[in-house]
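Structure file target_29.pdb (PDB, N, CA and C atoms) is printed below.
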MODEL        1
ATOM      1  N   MET A   1      33.276-265.234 118.647
ATOM      2  CA  MET A   1      32.442-264.059 118.667
ATOM      3  C   MET A   1      32.096-263.676 117.239
ATOM      4  N   ARG A   2      30.827-263.333 117.031
ATOM      5  CA  ARG A   2      30.396-262.935 115.690
ATOM      6  C   ARG A   2      29.381-261.808 115.802
ATOM      7  N   PHE A   3      29.098-261.193 114.668
ATOM      8  CA  PHE A   3      28.127-260.105 114.616
ATOM      9  C   PHE A   3      26.838-260.602 113.983
ATOM     10  N   ILE A   4      25.721-260.199 114.551
ATOM     11  CA  ILE A   4      24.403-260.589 114.050
ATOM     12  C   ILE A   4      24.031-259.652 112.910
ATOM     13  N   THR A   5      23.612-260.245 111.787
ATOM     14  CA  THR A   5      23.211-259.431 110.646
ATOM     15  C   THR A   5      21.834-259.810 110.109
ATOM     16  N   SER A   6      21.351-260.992 110.420
ATOM     17  CA  SER A   6      20.088-261.434 109.820
ATOM     18  C   SER A   6      18.877-260.927 110.605
ATOM     19  N   THR A   7      17.840-260.609 109.872
ATOM     20  CA  THR A   7      16.592-260.131 110.468
ATOM     21  C   THR A   7      15.993-261.182 111.383
ATOM     22  N   ARG A   8      16.101-262.432 111.013
ATOM     23  CA  ARG A   8      15.542-263.527 111.817
ATOM     24  C   ARG A   8      16.172-263.575 113.205
ATOM     25  N   GLU A   9      17.476-263.399 113.277
ATOM     26  CA  GLU A   9      18.145-263.419 114.584
ATOM     27  C   GLU A   9      17.741-262.212 115.433
ATOM     28  N   PHE A  10      17.656-261.041 114.805
ATOM     29  CA  PHE A  10      17.216-259.855 115.543
ATOM     30  C   PHE A  10      15.810-260.069 116.090
ATOM     31  N   GLN A  11      14.911-260.603 115.278
ATOM     32  CA  GLN A  11      13.533-260.818 115.716
ATOM     33  C   GLN A  11      13.450-261.825 116.855
ATOM     34  N   SER A  12      14.272-262.868 116.823
ATOM     35  CA  SER A  12      14.234-263.858 117.904
ATOM     36  C   SER A  12      14.668-263.237 119.233
ATOM     37  N   ILE A  13      15.607-262.314 119.192
ATOM     38  CA  ILE A  13      16.045-261.644 120.416
ATOM     39  C   ILE A  13      14.970-260.675 120.901
ATOM     40  N   TYR A  14      14.361-259.930 119.974
ATOM     41  CA  TYR A  14      13.316-258.968 120.350
ATOM     42  C   TYR A  14      12.105-259.649 120.985
ATOM     43  N   GLN A  15      11.898-260.925 120.730
ATOM     44  CA  GLN A  15      10.752-261.635 121.295
ATOM     45  C   GLN A  15      10.998-262.128 122.717
ATOM     46  N   ASN A  16      12.255-262.276 123.109
ATOM     47  CA  ASN A  16      12.568-262.880 124.402
ATOM     48  C   ASN A  16      13.899-262.321 124.910
ATOM     49  N   TYR A  17      13.851-261.234 125.673
ATOM     50  CA  TYR A  17      15.094-260.599 126.091
ATOM     51  C   TYR A  17      14.998-260.029 127.504
ATOM     52  N   THR A  18      16.175-259.743 128.056
ATOM     53  CA  THR A  18      16.308-258.988 129.294
ATOM     54  C   THR A  18      16.982-257.676 128.930
ATOM     55  N   LYS A  19      16.453-256.571 129.451
ATOM     56  CA  LYS A  19      16.921-255.245 129.056
ATOM     57  C   LYS A  19      17.768-254.615 130.155
ATOM     58  N   PHE A  20      18.899-254.048 129.743
ATOM     59  CA  PHE A  20      19.759-253.263 130.618
ATOM     60  C   PHE A  20      19.983-251.926 129.930
ATOM     61  N   SER A  21      20.201-250.894 130.706
ATOM     62  CA  SER A  21      20.371-249.575 130.107
ATOM     63  C   SER A  21      21.590-248.879 130.690
ATOM     64  N   GLY A  22      22.336-248.223 129.807
ATOM     65  CA  GLY A  22      23.480-247.424 130.217
ATOM     66  C   GLY A  22      23.284-245.990 129.762
ATOM     67  N   ASN A  23      24.315-245.179 129.889
ATOM     68  CA  ASN A  23      24.217-243.784 129.458
ATOM     69  C   ASN A  23      24.197-243.646 127.947
ATOM     70  N   LEU A  24      24.923-244.527 127.257
ATOM     71  CA  LEU A  24      25.067-244.404 125.808
ATOM     72  C   LEU A  24      24.316-245.467 125.025
ATOM     73  N   PHE A  25      24.058-246.616 125.648
ATOM     74  CA  PHE A  25      23.466-247.739 124.927
ATOM     75  C   PHE A  25      22.384-248.426 125.755
ATOM     76  N   ILE A  26      21.502-249.120 125.062
ATOM     77  CA  ILE A  26      20.542-250.035 125.672
ATOM     78  C   ILE A  26      20.980-251.426 125.239
ATOM     79  N   TYR A  27      21.002-252.360 126.171
ATOM     80  CA  TYR A  27      21.470-253.716 125.892
ATOM     81  C   TYR A  27      20.310-254.692 126.039
ATOM     82  N   LEU A  28      20.058-255.474 125.017
ATOM     83  CA  LEU A  28      19.034-256.514 125.060
ATOM     84  C   LEU A  28      19.744-257.856 124.970
ATOM     85  N   ILE A  29      19.607-258.672 126.005
ATOM     86  CA  ILE A  29      20.261-259.977 126.037
ATOM     87  C   ILE A  29      19.192-261.045 125.927
ATOM     88  N   GLU A  30      19.391-261.957 125.001
ATOM     89  CA  GLU A  30      18.399-263.012 124.777
ATOM     90  C   GLU A  30      18.341-263.948 125.978
ATOM     91  N   ASN A  31      17.128-264.232 126.434
ATOM     92  CA  ASN A  31      16.918-265.179 127.526
ATOM     93  C   ASN A  31      17.013-266.596 126.983
ATOM     94  N   ASN A  32      17.589-267.485 127.756
ATOM     95  CA  ASN A  32      17.659-268.908 127.421
ATOM     96  C   ASN A  32      18.254-269.160 126.043
ATOM     97  N   SER A  33      19.322-268.484 125.746
ATOM     98  CA  SER A  33      19.968-268.659 124.446
ATOM     99  C   SER A  33      20.735-269.974 124.424
ATOM    100  N   SER A  34      20.638-270.682 123.312
ATOM    101  CA  SER A  34      21.377-271.932 123.152
ATOM    102  C   SER A  34      22.655-271.703 122.354
ATOM    103  N   GLU A  35      22.997-270.453 122.151
ATOM    104  CA  GLU A  35      24.172-270.080 121.367
ATOM    105  C   GLU A  35      25.437-270.538 122.095
ATOM    106  N   GLU A  36      26.360-271.141 121.352
ATOM    107  CA  GLU A  36      27.610-271.629 121.933
ATOM    108  C   GLU A  36      28.698-270.563 121.941
ATOM    109  N   GLU A  37      28.499-269.511 121.157
ATOM    110  CA  GLU A  37      29.463-268.423 121.134
ATOM    111  C   GLU A  37      28.733-267.111 121.395
ATOM    112  N   PHE A  38      29.486-266.061 121.557
ATOM    113  CA  PHE A  38      28.907-264.746 121.810
ATOM    114  C   PHE A  38      28.592-264.086 120.476
ATOM    115  N   ALA A  39      27.368-263.573 120.333
ATOM    116  CA  ALA A  39      26.956-262.882 119.112
ATOM    117  C   ALA A  39      26.355-261.537 119.493
ATOM    118  N   VAL A  40      26.724-260.509 118.757
ATOM    119  CA  VAL A  40      26.233-259.161 119.061
ATOM    120  C   VAL A  40      25.724-258.490 117.790
ATOM    121  N   GLY A  41      24.588-257.809 117.938
ATOM    122  CA  GLY A  41      24.023-257.011 116.854
ATOM    123  C   GLY A  41      23.983-255.561 117.294
ATOM    124  N   ILE A  42      24.171-254.655 116.356
ATOM    125  CA  ILE A  42      24.226-253.235 116.679
ATOM    126  C   ILE A  42      23.114-252.517 115.929
ATOM    127  N   VAL A  43      22.353-251.694 116.663
ATOM    128  CA  VAL A  43      21.243-250.949 116.074
ATOM    129  C   VAL A  43      21.440-249.469 116.380
ATOM    130  N   THR A  44      21.366-248.642 115.344
ATOM    131  CA  THR A  44      21.394-247.192 115.525
ATOM    132  C   THR A  44      20.234-246.612 114.721
ATOM    133  N   SER A  45      19.305-245.990 115.402
ATOM    134  CA  SER A  45      18.135-245.434 114.719
ATOM    135  C   SER A  45      18.440-244.029 114.208
ATOM    136  N   LYS A  46      17.527-243.490 113.445
ATOM    137  CA  LYS A  46      17.705-242.141 112.903
ATOM    138  C   LYS A  46      17.660-241.074 113.989
ATOM    139  N   LYS A  47      17.194-241.429 115.183
ATOM    140  CA  LYS A  47      17.212-240.491 116.309
ATOM    141  C   LYS A  47      18.642-240.129 116.700
ATOM    142  N   VAL A  48      19.578-241.019 116.395
ATOM    143  CA  VAL A  48      20.977-240.818 116.763
ATOM    144  C   VAL A  48      21.625-239.758 115.879
ATOM    145  N   GLY A  49      21.215-239.676 114.634
ATOM    146  CA  GLY A  49      21.798-238.697 113.721
ATOM    147  C   GLY A  49      21.758-239.205 112.294
ATOM    148  N   LYS A  50      22.426-238.490 111.439
ATOM    149  CA  LYS A  50      22.476-238.876 110.029
ATOM    150  C   LYS A  50      23.369-240.102 109.864
ATOM    151  N   ALA A  51      23.382-240.655 108.662
ATOM    152  CA  ALA A  51      24.047-241.932 108.400
ATOM    153  C   ALA A  51      25.521-241.939 108.797
ATOM    154  N   VAL A  52      26.219-240.841 108.569
ATOM    155  CA  VAL A  52      27.643-240.792 108.898
ATOM    156  C   VAL A  52      27.858-241.009 110.394
ATOM    157  N   ARG A  53      27.064-240.355 111.224
ATOM    158  CA  ARG A  53      27.190-240.501 112.683
ATOM    159  C   ARG A  53      26.779-241.900 113.131
ATOM    160  N   ARG A  54      25.696-242.427 112.558
ATOM    161  CA  ARG A  54      25.233-243.773 112.927
ATOM    162  C   ARG A  54      26.289-244.816 112.577
ATOM    163  N   ASN A  55      26.869-244.704 111.392
ATOM    164  CA  ASN A  55      27.886-245.668 110.976
ATOM    165  C   ASN A  55      29.156-245.553 111.811
ATOM    166  N   LYS A  56      29.487-244.352 112.249
ATOM    167  CA  LYS A  56      30.663-244.168 113.108
ATOM    168  C   LYS A  56      30.477-244.907 114.430
ATOM    169  N   ILE A  57      29.281-244.820 114.993
ATOM    170  CA  ILE A  57      28.999-245.538 116.239
ATOM    171  C   ILE A  57      29.115-247.040 116.015
ATOM    172  N   LYS A  58      28.543-247.536 114.931
ATOM    173  CA  LYS A  58      28.624-248.972 114.628
ATOM    174  C   LYS A  58      30.075-249.412 114.476
ATOM    175  N   ARG A  59      30.878-248.620 113.756
ATOM    176  CA  ARG A  59      32.293-248.969 113.573
ATOM    177  C   ARG A  59      33.021-249.024 114.909
ATOM    178  N   ARG A  60      32.739-248.075 115.792
ATOM    179  CA  ARG A  60      33.415-248.045 117.089
ATOM    180  C   ARG A  60      33.019-249.238 117.959
ATOM    181  N   VAL A  61      31.742-249.587 117.964
ATOM    182  CA  VAL A  61      31.294-250.733 118.766
ATOM    183  C   VAL A  61      31.907-252.022 118.216
ATOM    184  N   LYS A  62      31.887-252.182 116.901
ATOM    185  CA  LYS A  62      32.488-253.378 116.299
ATOM    186  C   LYS A  62      33.976-253.446 116.603
ATOM    187  N   SER A  63      34.651-252.309 116.532
ATOM    188  CA  SER A  63      36.078-252.262 116.830
ATOM    189  C   SER A  63      36.352-252.688 118.268
ATOM    190  N   PHE A  64      35.532-252.219 119.203
ATOM    191  CA  PHE A  64      35.701-252.610 120.601
ATOM    192  C   PHE A  64      35.617-254.127 120.743
ATOM    193  N   PHE A  65      34.606-254.745 120.136
ATOM    194  CA  PHE A  65      34.436-256.185 120.279
ATOM    195  C   PHE A  65      35.535-256.967 119.561
ATOM    196  N   ARG A  66      36.042-256.457 118.455
ATOM    197  CA  ARG A  66      37.157-257.133 117.784
ATOM    198  C   ARG A  66      38.422-257.072 118.636
ATOM    199  N   GLU A  67      38.691-255.910 119.235
ATOM    200  CA  GLU A  67      39.883-255.740 120.070
ATOM    201  C   GLU A  67      39.826-256.594 121.331
ATOM    202  N   ASN A  68      38.635-256.796 121.874
ATOM    203  CA  ASN A  68      38.478-257.503 123.145
ATOM    204  C   ASN A  68      37.909-258.906 122.982
ATOM    205  N   ARG A  69      38.017-259.450 121.806
ATOM    206  CA  ARG A  69      37.468-260.778 121.512
ATOM    207  C   ARG A  69      37.969-261.841 122.492
ATOM    208  N   ALA A  70      39.240-261.795 122.833
ATOM    209  CA  ALA A  70      39.820-262.816 123.707
ATOM    210  C   ALA A  70      39.293-262.719 125.142
ATOM    211  N   GLN A  71      38.933-261.523 125.590
ATOM    212  CA  GLN A  71      38.473-261.343 126.967
ATOM    213  C   GLN A  71      36.992-261.652 127.148
ATOM    214  N   ILE A  72      36.254-261.812 126.064
ATOM    215  CA  ILE A  72      34.813-262.037 126.169
ATOM    216  C   ILE A  72      34.560-263.521 126.404
ATOM    217  N   SER A  73      34.069-263.825 127.606
ATOM    218  CA  SER A  73      33.793-265.221 127.942
ATOM    219  C   SER A  73      32.302-265.518 127.925
ATOM    220  N   ALA A  74      31.489-264.480 127.729
ATOM    221  CA  ALA A  74      30.037-264.657 127.728
ATOM    222  C   ALA A  74      29.595-265.465 126.514
ATOM    223  N   LYS A  75      28.464-266.123 126.655
ATOM    224  CA  LYS A  75      27.863-266.861 125.550
ATOM    225  C   LYS A  75      26.444-266.345 125.388
ATOM    226  N   GLY A  76      25.907-266.462 124.194
ATOM    227  CA  GLY A  76      24.551-266.002 123.946
ATOM    228  C   GLY A  76      24.519-264.872 122.938
ATOM    229  N   LYS A  77      23.335-264.289 122.797
ATOM    230  CA  LYS A  77      23.131-263.228 121.812
ATOM    231  C   LYS A  77      22.735-261.936 122.514
ATOM    232  N   MET A  78      23.188-260.825 121.938
ATOM    233  CA  MET A  78      22.912-259.522 122.524
ATOM    234  C   MET A  78      22.742-258.494 121.414
ATOM    235  N   ILE A  79      21.816-257.563 121.625
ATOM    236  CA  ILE A  79      21.657-256.421 120.729
ATOM    237  C   ILE A  79      22.043-255.170 121.510
ATOM    238  N   ILE A  80      22.830-254.318 120.875
ATOM    239  CA  ILE A  80      23.208-253.040 121.463
ATOM    240  C   ILE A  80      22.502-251.955 120.657
ATOM    241  N   ILE A  81      21.670-251.165 121.333
ATOM    242  CA  ILE A  81      20.938-250.081 120.687
ATOM    243  C   ILE A  81      21.555-248.765 121.142
ATOM    244  N   ALA A  82      22.016-247.973 120.187
ATOM    245  CA  ALA A  82      22.656-246.699 120.518
ATOM    246  C   ALA A  82      21.616-245.655 120.897
ATOM    247  N   LYS A  83      21.904-244.929 121.966
ATOM    248  CA  LYS A  83      21.085-243.783 122.353
ATOM    249  C   LYS A  83      21.646-242.543 121.640
ATOM    250  N   PRO A  84      20.861-241.478 121.518
ATOM    251  CA  PRO A  84      21.369-240.256 120.871
ATOM    252  C   PRO A  84      22.648-239.707 121.513
ATOM    253  N   ALA A  85      22.839-239.925 122.804
ATOM    254  CA  ALA A  85      24.048-239.443 123.484
ATOM    255  C   ALA A  85      25.311-240.112 122.952
ATOM    256  N   ALA A  86      25.184-241.292 122.373
ATOM    257  CA  ALA A  86      26.347-242.006 121.846
ATOM    258  C   ALA A  86      26.984-241.263 120.679
ATOM    259  N   ALA A  87      26.200-240.481 119.952
ATOM    260  CA  ALA A  87      26.729-239.742 118.804
ATOM    261  C   ALA A  87      27.729-238.674 119.235
ATOM    262  N   ASP A  88      27.558-238.130 120.427
ATOM    263  CA  ASP A  88      28.443-237.076 120.921
ATOM    264  C   ASP A  88      29.557-237.607 121.820
ATOM    265  N   ALA A  89      29.526-238.886 122.116
ATOM    266  CA  ALA A  89      30.526-239.473 123.015
ATOM    267  C   ALA A  89      31.834-239.716 122.273
ATOM    268  N   ASP A  90      32.937-239.563 122.992
ATOM    269  CA  ASP A  90      34.216-239.876 122.358
ATOM    270  C   ASP A  90      34.529-241.365 122.525
ATOM    271  N   TRP A  91      35.583-241.790 121.868
ATOM    272  CA  TRP A  91      35.950-243.206 121.821
ATOM    273  C   TRP A  91      36.193-243.768 123.219
ATOM    274  N   GLN A  92      36.818-243.004 124.097
ATOM    275  CA  GLN A  92      37.113-243.493 125.443
ATOM    276  C   GLN A  92      35.839-243.739 126.248
ATOM    277  N   GLU A  93      34.853-242.870 126.104
ATOM    278  CA  GLU A  93      33.579-243.054 126.811
ATOM    279  C   GLU A  93      32.863-244.316 126.333
ATOM    280  N   ILE A  94      32.874-244.527 125.023
ATOM    281  CA  ILE A  94      32.219-245.714 124.456
ATOM    282  C   ILE A  94      32.909-246.974 124.962
ATOM    283  N   LYS A  95      34.247-246.989 124.907
ATOM    284  CA  LYS A  95      34.992-248.160 125.385
ATOM    285  C   LYS A  95      34.709-248.431 126.854
ATOM    286  N   LYS A  96      34.684-247.373 127.663
ATOM    287  CA  LYS A  96      34.459-247.557 129.099
ATOM    288  C   LYS A  96      33.077-248.143 129.362
ATOM    289  N   GLU A  97      32.051-247.612 128.713
ATOM    290  CA  GLU A  97      30.706-248.134 128.966
ATOM    291  C   GLU A  97      30.580-249.591 128.523
ATOM    292  N   LEU A  98      31.100-249.917 127.340
ATOM    293  CA  LEU A  98      31.004-251.298 126.863
ATOM    294  C   LEU A  98      31.793-252.245 127.769
ATOM    295  N   HIS A  99      32.975-251.823 128.196
ATOM    296  CA  HIS A  99      33.790-252.659 129.085
ATOM    297  C   HIS A  99      33.088-252.872 130.424
ATOM    298  N   ASP A 100      32.544-251.800 130.989
ATOM    299  CA  ASP A 100      31.840-251.916 132.270
ATOM    300  C   ASP A 100      30.630-252.839 132.156
ATOM    301  N   PHE A 101      29.918-252.751 131.040
ATOM    302  CA  PHE A 101      28.752-253.616 130.866
ATOM    303  C   PHE A 101      29.167-255.080 130.742
ATOM    304  N   LEU A 102      30.226-255.360 129.995
ATOM    305  CA  LEU A 102      30.682-256.749 129.874
ATOM    306  C   LEU A 102      31.119-257.304 131.221
ATOM    307  N   GLU A 103      31.751-256.473 132.047
ATOM    308  CA  GLU A 103      32.121-256.910 133.394
ATOM    309  C   GLU A 103      30.873-257.205 134.223
ATOM    310  N   LYS A 104      29.846-256.393 134.049
ATOM    311  CA  LYS A 104      28.599-256.570 134.795
ATOM    312  C   LYS A 104      27.917-257.890 134.438
ATOM    313  N   ILE A 105      27.850-258.213 133.146
ATOM    314  CA  ILE A 105      27.168-259.460 132.769
ATOM    315  C   ILE A 105      28.040-260.682 133.034
ATOM    316  N   LYS A 106      29.345-260.477 133.133
ATOM    317  CA  LYS A 106      30.236-261.596 133.434
ATOM    318  C   LYS A 106      29.980-262.127 134.841
ATOM    319  N   THR A 107      29.607-261.226 135.762
ATOM    320  CA  THR A 107      29.377-261.632 137.147
ATOM    321  C   THR A 107      28.010-262.267 137.347
ATOM    322  N   LYS A 108      27.115-262.147 136.368
ATOM    323  CA  LYS A 108      25.766-262.711 136.514
ATOM    324  C   LYS A 108      25.675-264.081 135.921
TER     325      LYS A 108
ENDMDL
END

Using structure tokens, write down the structure from this file.
Amino acid sequence: MRFITSTREFQSIYQNYTKFSGNLFIYLIENNSSEEEFAVGIVTSKKVGKAVRRNKIKRRVKSFFRENRAQISAKGKMIIIAKPAAADADWQEIKKELHDFLEKIKTK
């Protein structure tokens, strides 16, 4: 599992994706990905809040994926876009939504 940081990878996903939406995040999963491992990129726009709040959300999402690295069996690339509601959510809510979403895509 790795984190997406390059603009080129983000653009390739934005050109060909399937969209899912939750209460706190929007998930874009690349269609027909040839990726052998799971890669995730995190996007927080200024609509979410000032830099401190945006970075806190990014840290929490990254922490979730680091803690659950062994349980992630999915392959491919995904972008997680934070909604403004994510700024007010506590750590347990964020973990629950991300866990539920990973379970959902595991069955597909």

DSSP says strand (DSSP E) for which residues of chain A? Put them as a VMD selection string? chain A and resid 2 to 3 17 to 21 25 to 30 38 to 43 76 to 82

Written as JSON, numbers by chain, what is the full residue list that the PyMOL selection byres ((chain A and resi 2-8) around 6.5) yields on the file shown? {"A": [1, 9, 10, 11, 12, 13, 37, 38, 39, 40, 41, 42]}

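With atom N of A:Arg69 on one side and atom CA of A:Ser21 on the other, the separation reads 21.9 Å.
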
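A straight line drawn from atom N of A:Lys95 to atom CA of A:Gly76 is 21.4 Å long.
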
Hey, can you check how far atom C of A:Ile105 sits from atom N of A:Arg66? 17.2 Å

From chain A, collect each residue whose DSSP state is helix (DSSP H, G or I) and return the set as a PyMOL selection string. chain A and resi 7-15+51-67+69-71+84-87+91-106

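Ranking A:Leu98, A:Leu28, A:Met78, A:Ala51 by their shortest atom-to-atom distance to A:Phe64, with all atoms listed in the file included, puts A:Leu98 first.
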
The PyMOL selection byres (((chain A and resi 52-55 and name CA) around 12) and name CA) resolved against shown file, as a ChimeraX atom specification: /A:42-51,56-62,81-90

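In terms of minimum interatomic distance to A:Ser73, A:Lys106 ranks closest within A:Lys106, A:Gln92, A:Tyr14, A:Asp100, counting all atoms listed in the file.
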
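The closest residue to A:Ala74, picked from A:Lys96, A:Glu36, A:Phe101, A:Tyr17 and counting only N, CA and C atoms, is A:Glu36.
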
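The smallest atom-to-atom distance between A:Glu67 and any of A:Glu30, A:Gly22, A:His99, A:Gln15, using only C-alpha atoms, is found for A:His99.
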